[in-house]
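For reference, my_file37.cif (mmCIF, N, CA and C atoms and all ligand atoms):
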data_coords
loop_
_atom_site.group_PDB
_atom_site.id
_atom_site.type_symbol
_atom_site.label_atom_id
_atom_site.label_comp_id
_atom_site.auth_asym_id
_atom_site.auth_seq_id
_atom_site.Cartn_x
_atom_site.Cartn_y
_atom_site.Cartn_z
ATOM 1 N N MET A 1 24.804 -42.173 -133.050
ATOM 2 C CA MET A 1 25.165 -42.931 -131.873
ATOM 3 C C MET A 1 24.444 -42.328 -130.680
ATOM 4 N N ARG A 2 23.739 -43.133 -129.915
ATOM 5 C CA ARG A 2 23.028 -42.677 -128.729
ATOM 6 C C ARG A 2 23.705 -43.290 -127.524
ATOM 7 N N THR A 3 23.934 -42.474 -126.497
ATOM 8 C CA THR A 3 24.591 -42.949 -125.294
ATOM 9 C C THR A 3 23.641 -42.864 -124.124
ATOM 10 N N CYS A 4 23.496 -43.956 -123.380
ATOM 11 C CA CYS A 4 22.644 -44.008 -122.196
ATOM 12 C C CYS A 4 23.518 -44.308 -120.993
ATOM 13 N N PHE A 5 23.147 -43.749 -119.846
ATOM 14 C CA PHE A 5 23.892 -43.997 -118.624
ATOM 15 C C PHE A 5 22.957 -44.581 -117.585
ATOM 16 N N ALA A 6 23.465 -45.468 -116.794
ATOM 17 C CA ALA A 6 22.723 -46.031 -115.668
ATOM 18 C C ALA A 6 23.652 -46.058 -114.475
ATOM 19 N N THR A 7 23.188 -45.543 -113.356
ATOM 20 C CA THR A 7 23.997 -45.530 -112.150
ATOM 21 C C THR A 7 23.706 -46.786 -111.347
ATOM 22 N N PRO A 8 24.732 -47.570 -110.991
ATOM 23 C CA PRO A 8 24.502 -48.775 -110.207
ATOM 24 C C PRO A 8 23.917 -48.428 -108.845
ATOM 25 N N ARG A 9 23.038 -49.263 -108.335
ATOM 26 C CA ARG A 9 22.458 -49.052 -107.012
ATOM 27 C C ARG A 9 23.519 -49.298 -105.952
ATOM 28 N N PRO A 10 23.442 -48.581 -104.808
ATOM 29 C CA PRO A 10 24.443 -48.742 -103.762
ATOM 30 C C PRO A 10 24.547 -50.177 -103.246
ATOM 31 N N THR A 11 23.468 -50.938 -103.274
ATOM 32 C CA THR A 11 23.513 -52.291 -102.743
ATOM 33 C C THR A 11 24.139 -53.271 -103.724
ATOM 34 N N GLN A 12 24.347 -52.818 -104.965
ATOM 35 C CA GLN A 12 24.916 -53.723 -105.936
ATOM 36 C C GLN A 12 26.402 -53.918 -105.658
ATOM 37 N N HIS A 13 26.856 -55.086 -106.018
ATOM 38 C CA HIS A 13 28.269 -55.403 -105.879
ATOM 39 C C HIS A 13 29.084 -54.475 -106.764
ATOM 40 N N ARG A 14 30.052 -53.805 -106.157
ATOM 41 C CA ARG A 14 30.907 -52.906 -106.933
ATOM 42 C C ARG A 14 31.938 -53.729 -107.684
ATOM 43 N N SER A 15 31.999 -53.524 -108.949
ATOM 44 C CA SER A 15 33.015 -54.178 -109.745
ATOM 45 C C SER A 15 33.359 -53.245 -110.897
ATOM 46 N N ARG A 16 34.190 -53.652 -111.714
ATOM 47 C CA ARG A 16 34.581 -52.825 -112.856
ATOM 48 C C ARG A 16 33.630 -53.026 -114.024
ATOM 49 N N SER A 17 32.600 -53.846 -113.834
ATOM 50 C CA SER A 17 31.620 -54.018 -114.896
ATOM 51 C C SER A 17 30.272 -54.366 -114.285
ATOM 52 N N LEU A 18 29.255 -54.106 -115.010
ATOM 53 C CA LEU A 18 27.892 -54.447 -114.609
ATOM 54 C C LEU A 18 27.226 -55.060 -115.821
ATOM 55 N N ALA A 19 26.795 -56.283 -115.676
ATOM 56 C CA ALA A 19 26.182 -57.020 -116.787
ATOM 57 C C ALA A 19 27.087 -56.987 -118.018
ATOM 58 N N GLY A 20 28.378 -57.026 -117.753
ATOM 59 C CA GLY A 20 29.325 -57.051 -118.870
ATOM 60 C C GLY A 20 29.652 -55.687 -119.438
ATOM 61 N N LEU A 21 29.021 -54.631 -118.859
ATOM 62 C CA LEU A 21 29.272 -53.278 -119.360
ATOM 63 C C LEU A 21 30.250 -52.579 -118.430
ATOM 64 N N PRO A 22 31.204 -51.847 -118.942
ATOM 65 C CA PRO A 22 32.212 -51.207 -118.096
ATOM 66 C C PRO A 22 31.611 -50.100 -117.236
ATOM 67 N N ILE A 23 32.126 -49.968 -115.992
ATOM 68 C CA ILE A 23 31.702 -48.905 -115.090
ATOM 69 C C ILE A 23 32.790 -47.842 -115.087
ATOM 70 N N SER A 24 32.377 -46.616 -115.295
ATOM 71 C CA SER A 24 33.296 -45.490 -115.295
ATOM 72 C C SER A 24 32.671 -44.390 -114.453
ATOM 73 N N ASN A 25 33.371 -43.932 -113.395
ATOM 74 C CA ASN A 25 32.864 -42.884 -112.502
ATOM 75 C C ASN A 25 31.479 -43.265 -111.951
ATOM 76 N N ASP A 26 31.319 -44.496 -111.509
ATOM 77 C CA ASP A 26 30.073 -45.012 -110.920
ATOM 78 C C ASP A 26 28.907 -45.022 -111.893
ATOM 79 N N ALA A 27 29.158 -45.004 -113.169
ATOM 80 C CA ALA A 27 28.092 -45.067 -114.160
ATOM 81 C C ALA A 27 28.452 -46.118 -115.203
ATOM 82 N N VAL A 28 27.434 -46.755 -115.702
ATOM 83 C CA VAL A 28 27.622 -47.723 -116.773
ATOM 84 C C VAL A 28 27.325 -47.002 -118.078
ATOM 85 N N GLU A 29 28.244 -47.104 -118.976
ATOM 86 C CA GLU A 29 28.047 -46.448 -120.259
ATOM 87 C C GLU A 29 27.636 -47.485 -121.287
ATOM 88 N N LEU A 30 26.550 -47.199 -121.946
ATOM 89 C CA LEU A 30 26.033 -48.091 -122.980
ATOM 90 C C LEU A 30 25.873 -47.281 -124.244
ATOM 91 N N SER A 31 26.607 -47.622 -125.244
ATOM 92 C CA SER A 31 26.512 -46.910 -126.520
ATOM 93 C C SER A 31 25.792 -47.791 -127.528
ATOM 94 N N LEU A 32 24.788 -47.204 -128.132
ATOM 95 C CA LEU A 32 24.014 -47.931 -129.128
ATOM 96 C C LEU A 32 23.988 -47.125 -130.418
ATOM 97 N N PRO A 33 24.087 -47.772 -131.534
ATOM 98 C CA PRO A 33 23.898 -47.016 -132.775
ATOM 99 C C PRO A 33 22.448 -46.556 -132.865
ATOM 100 N N ALA A 34 22.246 -45.332 -133.341
ATOM 101 C CA ALA A 34 20.883 -44.783 -133.419
ATOM 102 C C ALA A 34 19.961 -45.696 -134.209
ATOM 103 N N SER A 35 20.500 -46.403 -135.166
ATOM 104 C CA SER A 35 19.654 -47.268 -135.988
ATOM 105 C C SER A 35 19.143 -48.474 -135.213
ATOM 106 N N SER A 36 19.643 -48.713 -133.993
ATOM 107 C CA SER A 36 19.186 -49.864 -133.221
ATOM 108 C C SER A 36 17.946 -49.539 -132.397
ATOM 109 N N ILE A 37 17.537 -48.267 -132.378
ATOM 110 C CA ILE A 37 16.366 -47.875 -131.596
ATOM 111 C C ILE A 37 15.149 -47.884 -132.516
ATOM 112 N N THR A 38 14.169 -48.660 -132.147
ATOM 113 C CA THR A 38 12.963 -48.784 -132.953
ATOM 114 C C THR A 38 11.760 -48.387 -132.120
ATOM 115 N N LEU A 39 10.977 -47.496 -132.631
ATOM 116 C CA LEU A 39 9.727 -47.120 -131.979
ATOM 117 C C LEU A 39 8.604 -47.813 -132.721
ATOM 118 N N LEU A 40 7.744 -48.445 -131.987
ATOM 119 C CA LEU A 40 6.635 -49.173 -132.577
ATOM 120 C C LEU A 40 5.338 -48.489 -132.183
ATOM 121 N N ALA A 41 4.602 -48.029 -133.157
ATOM 122 C CA ALA A 41 3.308 -47.407 -132.902
ATOM 123 C C ALA A 41 2.221 -48.406 -133.271
ATOM 124 N N ILE A 42 1.419 -48.723 -132.316
ATOM 125 C CA ILE A 42 0.324 -49.660 -132.552
ATOM 126 C C ILE A 42 -0.974 -48.864 -132.543
ATOM 127 N N PRO A 43 -1.668 -48.830 -133.668
ATOM 128 C CA PRO A 43 -2.895 -48.037 -133.704
ATOM 129 C C PRO A 43 -3.954 -48.633 -132.784
ATOM 130 N N GLY A 44 -4.703 -47.763 -132.156
ATOM 131 C CA GLY A 44 -5.777 -48.212 -131.295
ATOM 132 C C GLY A 44 -7.071 -48.257 -132.076
ATOM 133 N N PRO A 45 -8.153 -48.458 -131.376
ATOM 134 C CA PRO A 45 -9.461 -48.468 -132.041
ATOM 135 C C PRO A 45 -9.721 -47.116 -132.716
ATOM 136 N N PRO A 46 -10.506 -47.099 -133.796
ATOM 137 C CA PRO A 46 -10.776 -45.833 -134.483
ATOM 138 C C PRO A 46 -11.664 -44.930 -133.634
ATOM 139 N N PRO A 47 -11.661 -43.628 -133.942
ATOM 140 C CA PRO A 47 -12.557 -42.713 -133.231
ATOM 141 C C PRO A 47 -14.001 -43.195 -133.342
ATOM 142 N N GLY A 48 -14.691 -43.171 -132.233
ATOM 143 C CA GLY A 48 -16.081 -43.616 -132.195
ATOM 144 C C GLY A 48 -16.237 -45.047 -131.702
ATOM 145 N N ASP A 49 -15.152 -45.819 -131.776
ATOM 146 C CA ASP A 49 -15.228 -47.219 -131.349
ATOM 147 C C ASP A 49 -14.974 -47.290 -129.843
ATOM 148 N N ILE A 50 -15.967 -46.880 -129.098
ATOM 149 C CA ILE A 50 -15.790 -46.738 -127.651
ATOM 150 C C ILE A 50 -15.671 -48.092 -126.952
ATOM 151 N N ASN A 51 -16.292 -49.131 -127.512
ATOM 152 C CA ASN A 51 -16.187 -50.447 -126.876
ATOM 153 C C ASN A 51 -15.023 -51.278 -127.438
ATOM 154 N N ALA A 52 -14.229 -50.661 -128.294
ATOM 155 C CA ALA A 52 -12.985 -51.254 -128.804
ATOM 156 C C ALA A 52 -13.172 -52.634 -129.427
ATOM 157 N N ASP A 53 -14.248 -52.792 -130.188
ATOM 158 C CA ASP A 53 -14.453 -54.076 -130.873
ATOM 159 C C ASP A 53 -14.027 -54.007 -132.334
ATOM 160 N N GLY A 54 -13.444 -52.872 -132.734
ATOM 161 C CA GLY A 54 -12.957 -52.721 -134.101
ATOM 162 C C GLY A 54 -13.983 -52.137 -135.057
ATOM 163 N N LEU A 55 -15.185 -51.916 -134.581
ATOM 164 C CA LEU A 55 -16.257 -51.376 -135.421
ATOM 165 C C LEU A 55 -16.834 -50.120 -134.783
ATOM 166 N N VAL A 56 -17.296 -49.219 -135.601
ATOM 167 C CA VAL A 56 -18.054 -48.076 -135.102
ATOM 168 C C VAL A 56 -19.488 -48.307 -135.540
ATOM 169 N N ASN A 57 -20.328 -48.587 -134.576
ATOM 170 C CA ASN A 57 -21.736 -48.834 -134.905
ATOM 171 C C ASN A 57 -22.607 -48.447 -133.709
ATOM 172 N N ILE A 58 -23.874 -48.783 -133.794
ATOM 173 C CA ILE A 58 -24.833 -48.360 -132.774
ATOM 174 C C ILE A 58 -24.486 -48.918 -131.384
ATOM 175 N N ASP A 59 -23.731 -50.011 -131.326
ATOM 176 C CA ASP A 59 -23.317 -50.566 -130.036
ATOM 177 C C ASP A 59 -22.410 -49.606 -129.266
ATOM 178 N N ASP A 60 -21.807 -48.668 -129.964
ATOM 179 C CA ASP A 60 -20.924 -47.707 -129.304
ATOM 180 C C ASP A 60 -21.685 -46.522 -128.709
ATOM 181 N N LEU A 61 -22.941 -46.355 -129.111
ATOM 182 C CA LEU A 61 -23.699 -45.178 -128.686
ATOM 183 C C LEU A 61 -23.799 -45.023 -127.162
ATOM 184 N N PRO A 62 -24.164 -46.066 -126.394
ATOM 185 C CA PRO A 62 -24.267 -45.864 -124.940
ATOM 186 C C PRO A 62 -22.953 -45.386 -124.312
ATOM 187 N N GLY A 63 -21.843 -45.949 -124.767
ATOM 188 C CA GLY A 63 -20.543 -45.532 -124.228
ATOM 189 C C GLY A 63 -20.194 -44.112 -124.623
ATOM 190 N N LEU A 64 -20.493 -43.759 -125.861
ATOM 191 C CA LEU A 64 -20.223 -42.396 -126.318
ATOM 192 C C LEU A 64 -21.059 -41.386 -125.541
ATOM 193 N N VAL A 65 -22.327 -41.708 -125.345
ATOM 194 C CA VAL A 65 -23.205 -40.796 -124.598
ATOM 195 C C VAL A 65 -22.686 -40.621 -123.175
ATOM 196 N N ALA A 66 -22.206 -41.706 -122.565
ATOM 197 C CA ALA A 66 -21.668 -41.614 -121.204
ATOM 198 C C ALA A 66 -20.479 -40.653 -121.156
ATOM 199 N N VAL A 67 -19.618 -40.715 -122.178
ATOM 200 C CA VAL A 67 -18.477 -39.798 -122.222
ATOM 201 C C VAL A 67 -18.956 -38.378 -122.473
ATOM 202 N N TRP A 68 -19.814 -38.215 -123.463
ATOM 203 C CA TRP A 68 -20.277 -36.870 -123.806
ATOM 204 C C TRP A 68 -21.007 -36.201 -122.644
ATOM 205 N N LEU A 69 -21.657 -36.999 -121.782
ATOM 206 C CA LEU A 69 -22.355 -36.439 -120.620
ATOM 207 C C LEU A 69 -21.438 -36.267 -119.414
ATOM 208 N N GLY A 70 -20.196 -36.691 -119.554
ATOM 209 C CA GLY A 70 -19.239 -36.548 -118.457
ATOM 210 C C GLY A 70 -19.343 -37.639 -117.419
ATOM 211 N N LEU A 71 -20.046 -38.732 -117.745
ATOM 212 C CA LEU A 71 -20.196 -39.834 -116.798
ATOM 213 C C LEU A 71 -19.040 -40.821 -116.883
ATOM 214 N N ASP A 72 -18.277 -40.766 -117.961
ATOM 215 C CA ASP A 72 -17.134 -41.651 -118.175
ATOM 216 C C ASP A 72 -15.931 -40.768 -118.477
ATOM 217 N N ALA A 73 -14.922 -40.820 -117.636
ATOM 218 C CA ALA A 73 -13.736 -39.982 -117.814
ATOM 219 C C ALA A 73 -12.497 -40.800 -118.171
ATOM 220 N N ASP A 74 -12.700 -42.047 -118.597
ATOM 221 C CA ASP A 74 -11.557 -42.868 -119.004
ATOM 222 C C ASP A 74 -10.832 -42.143 -120.148
ATOM 223 N N PRO A 75 -9.526 -41.876 -120.005
ATOM 224 C CA PRO A 75 -8.824 -41.120 -121.041
ATOM 225 C C PRO A 75 -8.863 -41.768 -122.417
ATOM 226 N N HIS A 76 -8.870 -43.078 -122.487
ATOM 227 C CA HIS A 76 -8.957 -43.761 -123.779
ATOM 228 C C HIS A 76 -10.327 -43.515 -124.410
ATOM 229 N N HIS A 77 -11.345 -43.524 -123.596
ATOM 230 C CA HIS A 77 -12.697 -43.266 -124.093
ATOM 231 C C HIS A 77 -12.850 -41.806 -124.533
ATOM 232 N N LEU A 78 -12.243 -40.894 -123.769
ATOM 233 C CA LEU A 78 -12.313 -39.473 -124.129
ATOM 234 C C LEU A 78 -11.716 -39.233 -125.509
ATOM 235 N N ILE A 79 -10.597 -39.861 -125.783
ATOM 236 C CA ILE A 79 -9.946 -39.691 -127.092
ATOM 237 C C ILE A 79 -10.825 -40.256 -128.195
ATOM 238 N N ARG A 80 -11.380 -41.456 -127.970
ATOM 239 C CA ARG A 80 -12.175 -42.093 -129.028
ATOM 240 C C ARG A 80 -13.537 -41.438 -129.215
ATOM 241 N N ALA A 81 -13.996 -40.694 -128.185
ATOM 242 C CA ALA A 81 -15.290 -40.014 -128.302
ATOM 243 C C ALA A 81 -15.165 -38.635 -128.949
ATOM 244 N N ASP A 82 -13.939 -38.189 -129.191
ATOM 245 C CA ASP A 82 -13.711 -36.899 -129.845
ATOM 246 C C ASP A 82 -13.721 -37.114 -131.355
ATOM 247 N N LEU A 83 -14.889 -37.246 -131.908
ATOM 248 C CA LEU A 83 -15.023 -37.624 -133.316
ATOM 249 C C LEU A 83 -14.690 -36.494 -134.289
ATOM 250 N N ASN A 84 -14.844 -35.242 -133.887
ATOM 251 C CA ASN A 84 -14.497 -34.153 -134.803
ATOM 252 C C ASN A 84 -13.079 -33.637 -134.564
ATOM 253 N N ALA A 85 -12.343 -34.332 -133.708
ATOM 254 C CA ALA A 85 -10.920 -34.042 -133.469
ATOM 255 C C ALA A 85 -10.656 -32.590 -133.080
ATOM 256 N N ASP A 86 -11.512 -32.046 -132.218
ATOM 257 C CA ASP A 86 -11.275 -30.678 -131.753
ATOM 258 C C ASP A 86 -10.676 -30.655 -130.345
ATOM 259 N N GLY A 87 -10.331 -31.843 -129.830
ATOM 260 C CA GLY A 87 -9.700 -31.918 -128.524
ATOM 261 C C GLY A 87 -10.685 -32.042 -127.379
ATOM 262 N N MET A 88 -11.974 -32.085 -127.681
ATOM 263 C CA MET A 88 -12.985 -32.223 -126.632
ATOM 264 C C MET A 88 -13.992 -33.298 -127.038
ATOM 265 N N ALA A 89 -14.431 -34.060 -126.069
ATOM 266 C CA ALA A 89 -15.483 -35.049 -126.303
ATOM 267 C C ALA A 89 -16.762 -34.474 -125.728
ATOM 268 N N ASP A 90 -17.613 -34.028 -126.622
ATOM 269 C CA ASP A 90 -18.845 -33.398 -126.156
ATOM 270 C C ASP A 90 -19.927 -33.502 -127.233
ATOM 271 N N GLY A 91 -20.999 -32.799 -127.029
ATOM 272 C CA GLY A 91 -22.137 -32.878 -127.934
ATOM 273 C C GLY A 91 -21.811 -32.487 -129.374
ATOM 274 N N ASP A 92 -20.741 -31.733 -129.572
ATOM 275 C CA ASP A 92 -20.351 -31.357 -130.936
ATOM 276 C C ASP A 92 -19.894 -32.563 -131.754
ATOM 277 N N ASP A 93 -19.653 -33.703 -131.096
ATOM 278 C CA ASP A 93 -19.218 -34.907 -131.796
ATOM 279 C C ASP A 93 -20.390 -35.761 -132.271
ATOM 280 N N ILE A 94 -21.576 -35.430 -131.852
ATOM 281 C CA ILE A 94 -22.747 -36.241 -132.202
ATOM 282 C C ILE A 94 -22.970 -36.270 -133.716
ATOM 283 N N ALA A 95 -22.843 -35.121 -134.373
ATOM 284 C CA ALA A 95 -23.077 -35.062 -135.821
ATOM 285 C C ALA A 95 -22.129 -36.001 -136.559
ATOM 286 N N GLN A 96 -20.888 -36.059 -136.131
ATOM 287 C CA GLN A 96 -19.915 -36.942 -136.777
ATOM 288 C C GLN A 96 -20.311 -38.396 -136.577
ATOM 289 N N PHE A 97 -20.801 -38.733 -135.380
ATOM 290 C CA PHE A 97 -21.226 -40.111 -135.123
ATOM 291 C C PHE A 97 -22.419 -40.467 -136.002
ATOM 292 N N VAL A 98 -23.381 -39.557 -136.118
ATOM 293 C CA VAL A 98 -24.551 -39.796 -136.969
ATOM 294 C C VAL A 98 -24.100 -39.998 -138.420
ATOM 295 N N GLU A 99 -23.128 -39.223 -138.845
ATOM 296 C CA GLU A 99 -22.619 -39.361 -140.213
ATOM 297 C C GLU A 99 -21.976 -40.741 -140.425
ATOM 298 N N ILE A 100 -21.223 -41.204 -139.427
ATOM 299 C CA ILE A 100 -20.580 -42.519 -139.529
ATOM 300 C C ILE A 100 -21.645 -43.614 -139.594
ATOM 301 N N ILE A 101 -22.618 -43.525 -138.709
ATOM 302 C CA ILE A 101 -23.671 -44.542 -138.665
ATOM 303 C C ILE A 101 -24.490 -44.505 -139.954
ATOM 304 N N GLY A 102 -24.740 -43.303 -140.474
ATOM 305 C CA GLY A 102 -25.514 -43.175 -141.703
ATOM 306 C C GLY A 102 -24.803 -43.736 -142.923
ATOM 307 N N SER A 103 -23.485 -43.831 -142.863
ATOM 308 C CA SER A 103 -22.748 -44.329 -144.008
ATOM 309 C C SER A 103 -22.598 -45.847 -143.998
ATOM 310 N N LEU A 104 -23.118 -46.484 -142.962
ATOM 311 C CA LEU A 104 -22.973 -47.957 -142.884
ATOM 312 C C LEU A 104 -23.989 -48.648 -143.765
HETATM 313 CA CA CA B 201 -17.365 -50.525 -131.434
HETATM 314 CA CA CA B 202 -14.867 -33.210 -130.276
#

Target encoding structure tokens, full file:
Amino acid sequence: MRTCFATPRPTQHRSRSLAGLPISNDAVELSLPASSITLLAIPGPPPGDINADGLVNIDDLPGLVAVWLGLDADPHHLIRADLNADGMADGDDIAQFVEIIGSL
């Protein structure tokens, strides 16, 4: 069982309930069974797919080079340009990109 609290805003009409939920000590208590909470993970483009078209190919090279040279600091691009998964997008990822392209 997970319990969440929300404090009503001062401008809200004071009543004994808010949206049908009881107010106790100026807080609304909402109890939900833990099984009602669902986390949805949606995978993003694969590493190397800097243009997010679903493919890793030569079209991604200009974008990858821009990240590796520090010209593009978009956090999504930084993650996708880290092809060897060492936490950094830099020249050490070039070999992995060449390997991917060579396997096509
Ligand atoms: Ca791509
Ligand atoms: Ca890396």

Could you state which residues are captured by the PyMOL selection byres (((not hetatm) and name CA) within 6 of (chain B and resi 201)) in this file, as a PDB file with N, CA and C atoms, keeping the file's coordinate frame?
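File out39.pdb, as written:
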ATOM      1  N   ASP A  49     -15.152 -45.819-131.776  1.00  0.00           N
ATOM      2  CA  ASP A  49     -15.228 -47.219-131.349  1.00  0.00           C
ATOM      3  C   ASP A  49     -14.974 -47.290-129.843  1.00  0.00           C
ATOM      4  N   ILE A  50     -15.967 -46.880-129.098  1.00  0.00           N
ATOM      5  CA  ILE A  50     -15.790 -46.738-127.651  1.00  0.00           C
ATOM      6  C   ILE A  50     -15.671 -48.092-126.952  1.00  0.00           C
ATOM      7  N   ASN A  51     -16.292 -49.131-127.512  1.00  0.00           N
ATOM      8  CA  ASN A  51     -16.187 -50.447-126.876  1.00  0.00           C
ATOM      9  C   ASN A  51     -15.023 -51.278-127.438  1.00  0.00           C
ATOM     10  N   ALA A  52     -14.229 -50.661-128.294  1.00  0.00           N
ATOM     11  CA  ALA A  52     -12.985 -51.254-128.804  1.00  0.00           C
ATOM     12  C   ALA A  52     -13.172 -52.634-129.427  1.00  0.00           C
ATOM     13  N   ASP A  53     -14.248 -52.792-130.188  1.00  0.00           N
ATOM     14  CA  ASP A  53     -14.453 -54.076-130.873  1.00  0.00           C
ATOM     15  C   ASP A  53     -14.027 -54.007-132.334  1.00  0.00           C
ATOM     16  N   GLY A  54     -13.444 -52.872-132.734  1.00  0.00           N
ATOM     17  CA  GLY A  54     -12.957 -52.721-134.101  1.00  0.00           C
ATOM     18  C   GLY A  54     -13.983 -52.137-135.057  1.00  0.00           C
ATOM     19  N   LEU A  55     -15.185 -51.916-134.581  1.00  0.00           N
ATOM     20  CA  LEU A  55     -16.257 -51.376-135.421  1.00  0.00           C
ATOM     21  C   LEU A  55     -16.834 -50.120-134.783  1.00  0.00           C
ATOM     22  N   VAL A  56     -17.296 -49.219-135.601  1.00  0.00           N
ATOM     23  CA  VAL A  56     -18.054 -48.076-135.102  1.00  0.00           C
ATOM     24  C   VAL A  56     -19.488 -48.307-135.540  1.00  0.00           C
ATOM     25  N   ASN A  57     -20.328 -48.587-134.576  1.00  0.00           N
ATOM     26  CA  ASN A  57     -21.736 -48.834-134.905  1.00  0.00           C
ATOM     27  C   ASN A  57     -22.607 -48.447-133.709  1.00  0.00           C
ATOM     28  N   ASP A  60     -21.807 -48.668-129.964  1.00  0.00           N
ATOM     29  CA  ASP A  60     -20.924 -47.707-129.304  1.00  0.00           C
ATOM     30  C   ASP A  60     -21.685 -46.522-128.709  1.00  0.00           C
TER      31      ASP A  60
END

Practice task
Find the residues near ligand CA 202 (chain B). Use a cut-off of 7 Å, count only N, CA and C atoms and all ligand atoms, and write them as a PyMOL selection string.
Solution key: chain A and resi 81-93

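Taking atom C of Leu69 (chain A) and CA of Val98 (chain A) as endpoints, the distance between them is 18.2 Å.
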
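Atom to atom, CA of Ile58 (chain A) and atom C of Phe97 (chain A) stand 8.9 Å apart.
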
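From CA of His76 (chain A) back to CA of Glu99 (chain A), the distance works out to 21.8 Å.
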